[in-house]
Amino acid sequence: MADKVKLGMIQLCGCSGCHMSLLDLHEKLLDVLPNLEIVYGPIVADVKEIPEGIDVFLIEGGIRNEHDKHLTEEIREKSKIVVAWGTCAAYGGIPALGNLYSTKNLLNEIYATGSVDNPDEIPEENVPKLLDRVYPVSHIIKVDYTVPGCPPKPEHNASLIMALLEGKEPNILPTKILCDECPRKKKGIHPKELKRTFEGIPDKELCLYEQGYTCLGMATRAGCGAMCPSVNVPCRGCYGKTDAVLDQGAAVANAFASTGDAVLKLSDKVGLFYRFSMADALIPKKVEKKK
Amino acid sequence: MQYPASIRIVRIPCTGKFDITYALRAFQKGADGVMVVGCKPHECAFETGNFRAEERVKLTKEILDELGIGGDRIEMFFMSAAEATKFVEASNIMFEKINKLGPNPLKASQGK
């Protein structure tokens, strides 16, 4: 027992999808599991306190409230290696789109509409206070490794865990963009008009962006094997930015700007460009006008 | 002939090198406005550098509007490298405009 690697897992402002992708390892789990001892993981075991001396901690999800923040800090103190696991932990992910609204508006949207029994009563007692926005884990604590993906591919999880078990440096992420591994043919042109995903049926061979679909592959890290573009679905950018850029949304915008007026007609540009990386953007939230 | 002392010049080889990241970085660091100054239309040594920048500035305006910073804070100007008076004029126009808009709201929101 003593030789086993002590693993902790937690989901914060996420959906547990990354945990599910670990299960997607199927038979490979049999190679991984015997060497692990899951000492903390609310999704699989009911442990109230985070034990001391954890070897590897996988944090899924961003930091939304004070409790999340407290837990991350405690995890950092008690673990040797902390991994930001999945896009939410790395760049904020989908929940970080909430950064485009103030905390007050978000709470009102949920608790002050007619859909609840007691409208206008915003719960304040015994619930952790929300922070002003979603933060990626790396903004709160030092993170040793980042594995983006929504969810990360099971192979990435496997190679991460295997490398950490063997005490090696995990080196699993490609540094190139998604277009690099996308099989579609590119002509090097820019579309004149941009279409929504449901408009028309895209050609199966040609680049989706060049056909006018809002594919974000040109600013997204490779690694997923171009799963979405291979089945006619434009890339939404879930693997986050590459190491070469500061801001995924700006990198997308640079490319899309070349379509001229077409991009200016899109609604919710920030929501499209920063769909998975709002929390890690240069300007990570909508700035409220001061009163 | 002098331009406002609060202007910081960042030289790039051609406005075609202008990246939206630069503008967002400037606002993140607390700049109140950004002016992108390129060659006159059709006089770009690389043919389309200044037009590319113009497209990017237009999109940046919309992004800044959506982020609550305000698209008025970035502007594109066209002039030749020899037109010093035009540069001073443009800087003064931009300076006045930013003065009216007040400080960068991002900086103001972080300051409290």
# chains A, B, ... in the order shown; residues from 1 in each chain; ligands from 1
call {"tool": "residues_around", "arguments": {"residues": "stretch 171-173 of chain A", "least_positions_apart": "6", "cutoff": "12 Å", "atoms": "only C-alpha atoms", "output": "PyMOL selection string"}}
result
chain A and resi 145-149+152-164+221-225+239-243
call {"tool": "write_last_selection", "arguments": {"atoms": "N, CA, C and O atoms", "output": "mmCIF file, in the first residue's frame"}}
result
data_model
loop_
_atom_site.group_PDB
_atom_site.id
_atom_site.type_symbol
_atom_site.label_atom_id
_atom_site.label_comp_id
_atom_site.auth_asym_id
_atom_site.auth_seq_id
_atom_site.Cartn_x
_atom_site.Cartn_y
_atom_site.Cartn_z
ATOM 1 N N TYR A 145 0.973 21.350 -13.581
ATOM 2 C CA TYR A 145 0.703 20.953 -14.965
ATOM 3 C C TYR A 145 -0.706 21.382 -15.349
ATOM 4 O O TYR A 145 -1.589 21.448 -14.507
ATOM 5 N N THR A 146 -0.870 21.637 -16.628
ATOM 6 C CA THR A 146 -2.186 22.000 -17.134
ATOM 7 C C THR A 146 -2.564 21.013 -18.229
ATOM 8 O O THR A 146 -1.770 20.760 -19.129
ATOM 9 N N VAL A 147 -3.747 20.450 -18.099
ATOM 10 C CA VAL A 147 -4.259 19.552 -19.146
ATOM 11 C C VAL A 147 -5.589 20.109 -19.611
ATOM 12 O O VAL A 147 -6.598 19.916 -18.961
ATOM 13 N N PRO A 148 -5.600 20.863 -20.721
ATOM 14 C CA PRO A 148 -6.883 21.419 -21.153
ATOM 15 C C PRO A 148 -7.730 20.374 -21.874
ATOM 16 O O PRO A 148 -7.300 19.236 -22.082
ATOM 17 N N GLY A 149 -8.899 20.788 -22.255
ATOM 18 C CA GLY A 149 -9.813 19.883 -22.965
ATOM 19 C C GLY A 149 -11.147 19.872 -22.269
ATOM 20 O O GLY A 149 -11.214 19.993 -21.051
ATOM 21 N N PRO A 152 -10.665 16.580 -21.280
ATOM 22 C CA PRO A 152 -9.418 16.126 -21.885
ATOM 23 C C PRO A 152 -9.616 14.732 -22.460
ATOM 24 O O PRO A 152 -10.379 13.943 -21.908
ATOM 25 N N LYS A 153 -8.947 14.456 -23.554
ATOM 26 C CA LYS A 153 -9.109 13.122 -24.140
ATOM 27 C C LYS A 153 -8.610 12.072 -23.143
ATOM 28 O O LYS A 153 -7.617 12.299 -22.453
ATOM 29 N N PRO A 154 -9.286 10.931 -23.071
ATOM 30 C CA PRO A 154 -8.853 9.889 -22.127
ATOM 31 C C PRO A 154 -7.374 9.539 -22.287
ATOM 32 O O PRO A 154 -6.683 9.295 -21.296
ATOM 33 N N GLU A 155 -6.856 9.569 -23.533
ATOM 34 C CA GLU A 155 -5.439 9.251 -23.731
ATOM 35 C C GLU A 155 -4.544 10.252 -23.014
ATOM 36 O O GLU A 155 -3.492 9.902 -22.493
ATOM 37 N N HIS A 156 -4.972 11.513 -23.001
ATOM 38 C CA HIS A 156 -4.181 12.532 -22.307
ATOM 39 C C HIS A 156 -4.178 12.278 -20.812
ATOM 40 O O HIS A 156 -3.145 12.395 -20.156
ATOM 41 N N ASN A 157 -5.360 11.909 -20.288
ATOM 42 C CA ASN A 157 -5.428 11.569 -18.863
ATOM 43 C C ASN A 157 -4.495 10.416 -18.565
ATOM 44 O O ASN A 157 -3.754 10.445 -17.584
ATOM 45 N N ALA A 158 -4.536 9.399 -19.428
ATOM 46 C CA ALA A 158 -3.723 8.206 -19.196
ATOM 47 C C ALA A 158 -2.250 8.558 -19.232
ATOM 48 O O ALA A 158 -1.495 8.209 -18.313
ATOM 49 N N SER A 159 -1.830 9.316 -20.267
ATOM 50 C CA SER A 159 -0.395 9.591 -20.344
ATOM 51 C C SER A 159 0.047 10.511 -19.216
ATOM 52 O O SER A 159 1.166 10.391 -18.713
ATOM 53 N N LEU A 160 -0.845 11.416 -18.776
ATOM 54 C CA LEU A 160 -0.503 12.269 -17.631
ATOM 55 C C LEU A 160 -0.282 11.418 -16.391
ATOM 56 O O LEU A 160 0.765 11.503 -15.732
ATOM 57 N N ILE A 161 -1.250 10.547 -16.107
ATOM 58 C CA ILE A 161 -1.162 9.763 -14.875
ATOM 59 C C ILE A 161 -0.006 8.773 -14.950
ATOM 60 O O ILE A 161 0.752 8.613 -13.988
ATOM 61 N N MET A 162 0.176 8.141 -16.115
ATOM 62 C CA MET A 162 1.278 7.187 -16.257
ATOM 63 C C MET A 162 2.617 7.889 -16.043
ATOM 64 O O MET A 162 3.490 7.391 -15.344
ATOM 65 N N ALA A 163 2.765 9.083 -16.645
ATOM 66 C CA ALA A 163 4.028 9.804 -16.506
ATOM 67 C C ALA A 163 4.269 10.157 -15.043
ATOM 68 O O ALA A 163 5.380 10.010 -14.528
ATOM 69 N N LEU A 164 3.209 10.616 -14.367
ATOM 70 C CA LEU A 164 3.380 11.007 -12.969
ATOM 71 C C LEU A 164 3.673 9.776 -12.095
ATOM 72 O O LEU A 164 4.443 9.856 -11.140
ATOM 73 N N ARG A 221 -5.452 24.934 -29.413
ATOM 74 C CA ARG A 221 -4.385 23.945 -29.305
ATOM 75 C C ARG A 221 -4.823 22.618 -29.921
ATOM 76 O O ARG A 221 -5.970 22.198 -29.757
ATOM 77 N N ALA A 222 -3.905 21.995 -30.621
ATOM 78 C CA ALA A 222 -4.183 20.670 -31.175
ATOM 79 C C ALA A 222 -4.164 19.646 -30.038
ATOM 80 O O ALA A 222 -3.797 19.970 -28.916
ATOM 81 N N GLY A 223 -4.533 18.441 -30.311
ATOM 82 C CA GLY A 223 -4.473 17.413 -29.291
ATOM 83 C C GLY A 223 -5.704 16.528 -29.307
ATOM 84 O O GLY A 223 -5.655 15.358 -28.978
ATOM 85 N N CYS A 224 -6.831 17.107 -29.748
ATOM 86 C CA CYS A 224 -8.069 16.336 -29.723
ATOM 87 C C CYS A 224 -8.188 15.469 -30.975
ATOM 88 O O CYS A 224 -9.091 14.655 -31.073
ATOM 89 N N GLY A 225 -7.289 15.669 -31.957
ATOM 90 C CA GLY A 225 -7.400 14.909 -33.194
ATOM 91 C C GLY A 225 -8.473 15.459 -34.107
ATOM 92 O O GLY A 225 -9.010 14.743 -34.934
ATOM 93 N N TYR A 239 -9.841 23.328 -26.400
ATOM 94 C CA TYR A 239 -8.494 23.044 -25.884
ATOM 95 C C TYR A 239 -7.741 24.316 -25.505
ATOM 96 O O TYR A 239 -6.592 24.260 -25.114
ATOM 97 N N GLY A 240 -8.375 25.455 -25.652
ATOM 98 C CA GLY A 240 -7.751 26.705 -25.207
ATOM 99 C C GLY A 240 -6.652 27.170 -26.131
ATOM 100 O O GLY A 240 -6.459 26.641 -27.219
ATOM 101 N N LYS A 241 -5.916 28.178 -25.647
ATOM 102 C CA LYS A 241 -4.904 28.802 -26.499
ATOM 103 C C LYS A 241 -3.664 27.918 -26.620
ATOM 104 O O LYS A 241 -3.466 26.998 -25.825
ATOM 105 N N THR A 242 -2.824 28.236 -27.607
ATOM 106 C CA THR A 242 -1.523 27.581 -27.693
ATOM 107 C C THR A 242 -0.541 28.367 -26.827
ATOM 108 O O THR A 242 -0.863 29.448 -26.338
ATOM 109 N N ASP A 243 0.675 27.826 -26.668
ATOM 110 C CA ASP A 243 1.656 28.518 -25.826
ATOM 111 C C ASP A 243 2.142 29.809 -26.464
ATOM 112 O O ASP A 243 2.685 30.676 -25.792
#
call {"tool": "residues_around", "arguments": {"residues": "A:Val137", "least_positions_apart": "6", "cutoff": "7 Å", "atoms": "only C-alpha atoms", "output": "PyMOL selection string"}}
result
chain A and resi 62-63+84+89-90
call {"tool": "write_last_selection", "arguments": {"atoms": "N, CA and C atoms", "output": "PDB file, in the first residue's frame"}}
result
ATOM      1  N   GLY A  62     -13.117  25.761 -12.509  1.00  0.00           N
ATOM      2  CA  GLY A  62     -12.541  27.031 -12.103  1.00  0.00           C
ATOM      3  C   GLY A  62     -12.962  27.404 -10.695  1.00  0.00           C
ATOM      4  N   ILE A  63     -12.585  28.591 -10.267  1.00  0.00           N
ATOM      5  CA  ILE A  63     -12.894  29.037  -8.912  1.00  0.00           C
ATOM      6  C   ILE A  63     -13.978  30.106  -8.975  1.00  0.00           C
ATOM      7  N   ALA A  84      -4.085  21.385 -13.097  1.00  0.00           N
ATOM      8  CA  ALA A  84      -5.323  22.030 -13.546  1.00  0.00           C
ATOM      9  C   ALA A  84      -5.866  21.148 -14.650  1.00  0.00           C
ATOM     10  N   ALA A  89     -10.593  24.388 -15.327  1.00  0.00           N
ATOM     11  CA  ALA A  89      -9.533  24.672 -14.368  1.00  0.00           C
ATOM     12  C   ALA A  89      -8.428  25.494 -15.020  1.00  0.00           C
ATOM     13  N   ALA A  90      -8.174  25.227 -16.308  1.00  0.00           N
ATOM     14  CA  ALA A  90      -7.062  25.882 -16.982  1.00  0.00           C
ATOM     15  C   ALA A  90      -7.421  27.292 -17.438  1.00  0.00           C
TER      16      ALA A  90
END
call {"tool": "residues_around", "arguments": {"residues": "stretch 52-55 of chain B", "least_positions_apart": "4", "cutoff": "12 Å", "atoms": "only C-alpha atoms", "output": "MDAnalysis selection string"}}
result
(chainID A and resid 253:264) or (chainID B and resid 12 14:20 22:23 35:42 44 46:48 59:62 74:78)
call {"tool": "select_by_dssp", "arguments": {"residues": "stretch 200-272 of chain A", "states": "helix (DSSP H, G or I)", "output": "number ranges by chain"}}
result
A: 217-219, 227-230, 248-257, 261-264, 269-272
call {"tool": "interface_residues", "arguments": {"of": "chain A", "to": "chain B", "cutoff": "12 Å", "atoms": "only C-alpha atoms", "output": "short mmCIF file (atom, residue, chain, number, x, y, z; two decimals) with N, CA, C and O atoms, in the first residue's frame"}}
result
data_model
loop_
_atom_site.label_atom_id
_atom_site.label_comp_id
_atom_site.auth_asym_id
_atom_site.auth_seq_id
_atom_site.Cartn_x
_atom_site.Cartn_y
_atom_site.Cartn_z
N LEU A 97 -18.16 32.17 -18.98
CA LEU A 97 -18.94 33.12 -19.78
C LEU A 97 -19.80 33.99 -18.87
O LEU A 97 -20.23 35.08 -19.25
N ASN A 99 -18.70 35.62 -16.61
CA ASN A 99 -17.91 36.83 -16.34
C ASN A 99 -18.42 38.03 -17.13
O ASN A 99 -18.06 39.15 -16.83
N LEU A 100 -19.24 37.76 -18.15
CA LEU A 100 -19.76 38.86 -18.96
C LEU A 100 -20.97 39.52 -18.28
O LEU A 100 -21.55 40.45 -18.81
N TYR A 101 -21.35 39.00 -17.11
CA TYR A 101 -22.45 39.59 -16.34
C TYR A 101 -21.96 39.81 -14.92
O TYR A 101 -21.11 39.08 -14.45
N SER A 102 -22.54 40.78 -14.25
CA SER A 102 -22.12 41.00 -12.86
C SER A 102 -22.72 39.91 -11.99
O SER A 102 -23.76 39.32 -12.33
N ASP A 132 -16.05 37.84 -7.57
CA ASP A 132 -16.53 38.76 -8.61
C ASP A 132 -16.57 38.13 -9.98
O ASP A 132 -17.28 38.60 -10.87
N ALA A 244 1.95 29.94 -27.79
CA ALA A 244 2.53 31.08 -28.50
C ALA A 244 1.72 32.36 -28.32
O ALA A 244 2.23 33.43 -28.59
N VAL A 245 0.49 32.28 -27.87
CA VAL A 245 -0.33 33.49 -27.77
C VAL A 245 -0.73 33.75 -26.31
O VAL A 245 -0.68 32.86 -25.47
N LEU A 246 -1.11 35.00 -26.05
CA LEU A 246 -1.51 35.41 -24.71
C LEU A 246 -2.99 35.19 -24.50
O LEU A 246 -3.44 34.96 -23.39
N ASP A 247 -3.75 35.31 -25.58
CA ASP A 247 -5.18 35.44 -25.43
C ASP A 247 -5.85 34.75 -26.60
O ASP A 247 -5.66 35.14 -27.75
N GLN A 248 -6.63 33.71 -26.31
CA GLN A 248 -7.23 32.92 -27.40
C GLN A 248 -8.21 33.76 -28.22
O GLN A 248 -8.19 33.72 -29.44
N GLY A 249 -9.04 34.52 -27.53
CA GLY A 249 -10.06 35.31 -28.23
C GLY A 249 -9.45 36.29 -29.21
O GLY A 249 -9.93 36.44 -30.34
N ALA A 250 -8.37 36.95 -28.80
CA ALA A 250 -7.73 37.92 -29.69
C ALA A 250 -7.14 37.21 -30.90
O ALA A 250 -7.18 37.73 -32.02
N ALA A 251 -6.61 36.01 -30.67
CA ALA A 251 -6.03 35.26 -31.79
C ALA A 251 -7.12 34.89 -32.79
O ALA A 251 -6.91 34.97 -34.01
N VAL A 252 -8.29 34.50 -32.29
CA VAL A 252 -9.41 34.19 -33.20
C VAL A 252 -9.82 35.46 -33.93
O VAL A 252 -10.01 35.48 -35.15
N ALA A 253 -9.94 36.55 -33.16
CA ALA A 253 -10.42 37.81 -33.73
C ALA A 253 -9.49 38.27 -34.85
O ALA A 253 -9.96 38.77 -35.87
N ASN A 254 -8.18 38.11 -34.66
CA ASN A 254 -7.23 38.50 -35.71
C ASN A 254 -7.55 37.81 -37.02
O ASN A 254 -7.50 38.42 -38.08
N ALA A 255 -7.85 36.52 -36.94
CA ALA A 255 -8.14 35.78 -38.15
C ALA A 255 -9.50 36.19 -38.71
O ALA A 255 -9.64 36.46 -39.90
N PHE A 256 -10.49 36.30 -37.84
CA PHE A 256 -11.84 36.61 -38.30
C PHE A 256 -11.96 38.03 -38.83
O PHE A 256 -12.84 38.31 -39.64
N ALA A 257 -11.08 38.94 -38.37
CA ALA A 257 -11.14 40.34 -38.83
C ALA A 257 -11.00 40.39 -40.34
O ALA A 257 -11.55 41.28 -40.99
N SER A 258 -10.27 39.44 -40.92
CA SER A 258 -10.04 39.44 -42.36
C SER A 258 -11.29 39.17 -43.17
O SER A 258 -11.28 39.33 -44.38
N THR A 259 -12.38 38.77 -42.51
CA THR A 259 -13.62 38.59 -43.27
C THR A 259 -14.33 39.93 -43.45
O THR A 259 -15.40 39.97 -44.07
N GLY A 260 -13.76 41.00 -42.93
CA GLY A 260 -14.33 42.34 -43.13
C GLY A 260 -15.64 42.52 -42.40
O GLY A 260 -15.72 42.26 -41.20
N ASP A 261 -16.65 42.93 -43.14
CA ASP A 261 -17.93 43.26 -42.50
C ASP A 261 -18.64 42.03 -41.94
O ASP A 261 -19.46 42.14 -41.04
N ALA A 262 -18.34 40.85 -42.49
CA ALA A 262 -19.06 39.65 -42.07
C ALA A 262 -18.93 39.44 -40.56
O ALA A 262 -19.92 39.16 -39.88
N VAL A 263 -17.73 39.64 -40.03
CA VAL A 263 -17.53 39.37 -38.60
C VAL A 263 -18.20 40.45 -37.76
O VAL A 263 -18.69 40.20 -36.65
N LEU A 264 -18.28 41.67 -38.32
CA LEU A 264 -18.88 42.76 -37.55
C LEU A 264 -20.38 42.53 -37.34
O LEU A 264 -20.97 43.03 -36.41
N LYS A 265 -20.97 41.72 -38.23
CA LYS A 265 -22.41 41.46 -38.14
C LYS A 265 -22.75 40.38 -37.11
O LYS A 265 -23.90 40.20 -36.75
N LEU A 266 -21.74 39.63 -36.67
CA LEU A 266 -22.01 38.56 -35.70
C LEU A 266 -22.52 39.16 -34.40
O LEU A 266 -22.07 40.24 -34.00
N SER A 267 -23.42 38.45 -33.75
CA SER A 267 -23.82 38.92 -32.42
C SER A 267 -23.01 38.14 -31.38
O SER A 267 -22.62 37.01 -31.63
N ASP A 268 -22.78 38.76 -30.24
CA ASP A 268 -22.02 38.14 -29.15
C ASP A 268 -20.65 37.63 -29.61
O ASP A 268 -20.36 36.44 -29.58
N LYS A 269 -19.83 38.58 -30.08
CA LYS A 269 -18.49 38.20 -30.56
C LYS A 269 -17.62 37.67 -29.43
O LYS A 269 -16.93 36.67 -29.58
N VAL A 270 -17.68 38.36 -28.28
CA VAL A 270 -16.83 37.93 -27.16
C VAL A 270 -17.20 36.52 -26.74
O VAL A 270 -16.35 35.68 -26.49
N GLY A 271 -18.51 36.24 -26.69
CA GLY A 271 -18.96 34.92 -26.31
C GLY A 271 -18.49 33.84 -27.27
O GLY A 271 -18.25 32.71 -26.88
N LEU A 272 -18.34 34.21 -28.54
CA LEU A 272 -17.86 33.23 -29.53
C LEU A 272 -16.34 33.06 -29.43
O LEU A 272 -15.85 31.94 -29.32
N PHE A 273 -15.62 34.18 -29.42
CA PHE A 273 -14.16 34.10 -29.45
C PHE A 273 -13.59 33.51 -28.16
O PHE A 273 -12.57 32.86 -28.16
N TYR A 274 -14.25 33.83 -27.04
CA TYR A 274 -13.73 33.42 -25.73
C TYR A 274 -14.59 32.32 -25.12
O TYR A 274 -14.70 32.25 -23.91
N MET A 278 -12.66 32.66 -21.31
CA MET A 278 -12.95 34.00 -20.80
C MET A 278 -12.15 34.32 -19.55
O MET A 278 -11.60 35.42 -19.41
N ALA A 281 -8.60 35.41 -20.15
CA ALA A 281 -8.37 36.43 -21.18
C ALA A 281 -7.62 37.61 -20.58
O ALA A 281 -7.52 37.75 -19.36
N LEU A 282 -7.10 38.46 -21.43
CA LEU A 282 -6.39 39.65 -20.94
C LEU A 282 -7.36 40.55 -20.17
O LEU A 282 -7.02 41.11 -19.14
N ILE A 283 -8.57 40.71 -20.72
CA ILE A 283 -9.61 41.44 -19.99
C ILE A 283 -10.66 40.40 -19.64
O ILE A 283 -11.51 40.05 -20.45
N PRO A 284 -10.59 39.82 -18.44
CA PRO A 284 -11.32 38.58 -18.16
C PRO A 284 -12.77 38.76 -17.76
O PRO A 284 -13.44 37.79 -17.46
N LYS A 285 -13.27 39.96 -17.72
CA LYS A 285 -14.69 40.12 -17.37
C LYS A 285 -15.20 41.40 -17.98
O LYS A 285 -14.42 42.26 -18.38
N LYS A 286 -16.52 41.49 -18.05
CA LYS A 286 -17.09 42.73 -18.55
C LYS A 286 -16.90 43.81 -17.49
O LYS A 286 -17.20 43.61 -16.32
N VAL A 287 -16.38 44.94 -17.93
CA VAL A 287 -16.12 46.02 -16.98
C VAL A 287 -17.43 46.75 -16.74
O VAL A 287 -18.07 47.21 -17.68
N GLU A 288 -17.81 46.85 -15.47
CA GLU A 288 -19.06 47.55 -15.13
C GLU A 288 -18.77 49.04 -15.08
O GLU A 288 -17.74 49.47 -14.57
N LYS A 289 -19.69 49.79 -15.62
CA LYS A 289 -19.54 51.25 -15.54
C LYS A 289 -19.70 51.68 -14.09
O LYS A 289 -20.59 51.22 -13.39
N LYS A 290 -18.80 52.54 -13.66
CA LYS A 290 -18.93 52.99 -12.26
C LYS A 290 -20.06 54.01 -12.16
O LYS A 290 -20.31 54.78 -13.09
N LYS A 291 -20.72 53.96 -10.99
CA LYS A 291 -21.90 54.82 -10.84
C LYS A 291 -21.51 56.19 -10.32
O LYS A 291 -20.56 56.34 -9.61
#
call {"tool": "atom_distance", "arguments": {"atom1": "atom CA of A:Ile81", "atom2": "atom CA of A:Asp55"}}
result
6.1 Å
call {"tool": "select_by_dssp", "arguments": {"residues": "chain B", "states": "strand (DSSP E)", "output": "list in words"}}
result
Val34, Met35, Val36, Val37, Gly38, Ile74, Glu75, Met76, Phe77 and Phe78 of chain B
call {"tool": "write_last_selection", "arguments": {"atoms": "C-alpha atoms", "output": "tab-separated table (two decimals), in the first residue's frame"}}
result
chain	number	residue	atom	x	y	z
B	34	VAL	CA	-4.95	53.25	-28.35
B	35	MET	CA	-4.26	54.90	-31.70
B	36	VAL	CA	-3.11	52.78	-34.59
B	37	VAL	CA	-1.22	54.84	-37.15
B	38	GLY	CA	-0.62	53.34	-40.57
B	74	ILE	CA	-9.28	52.80	-30.17
B	75	GLU	CA	-8.92	54.68	-33.44
B	76	MET	CA	-7.08	54.13	-36.71
B	77	PHE	CA	-5.30	56.98	-38.52
B	78	PHE	CA	-3.70	57.00	-41.95
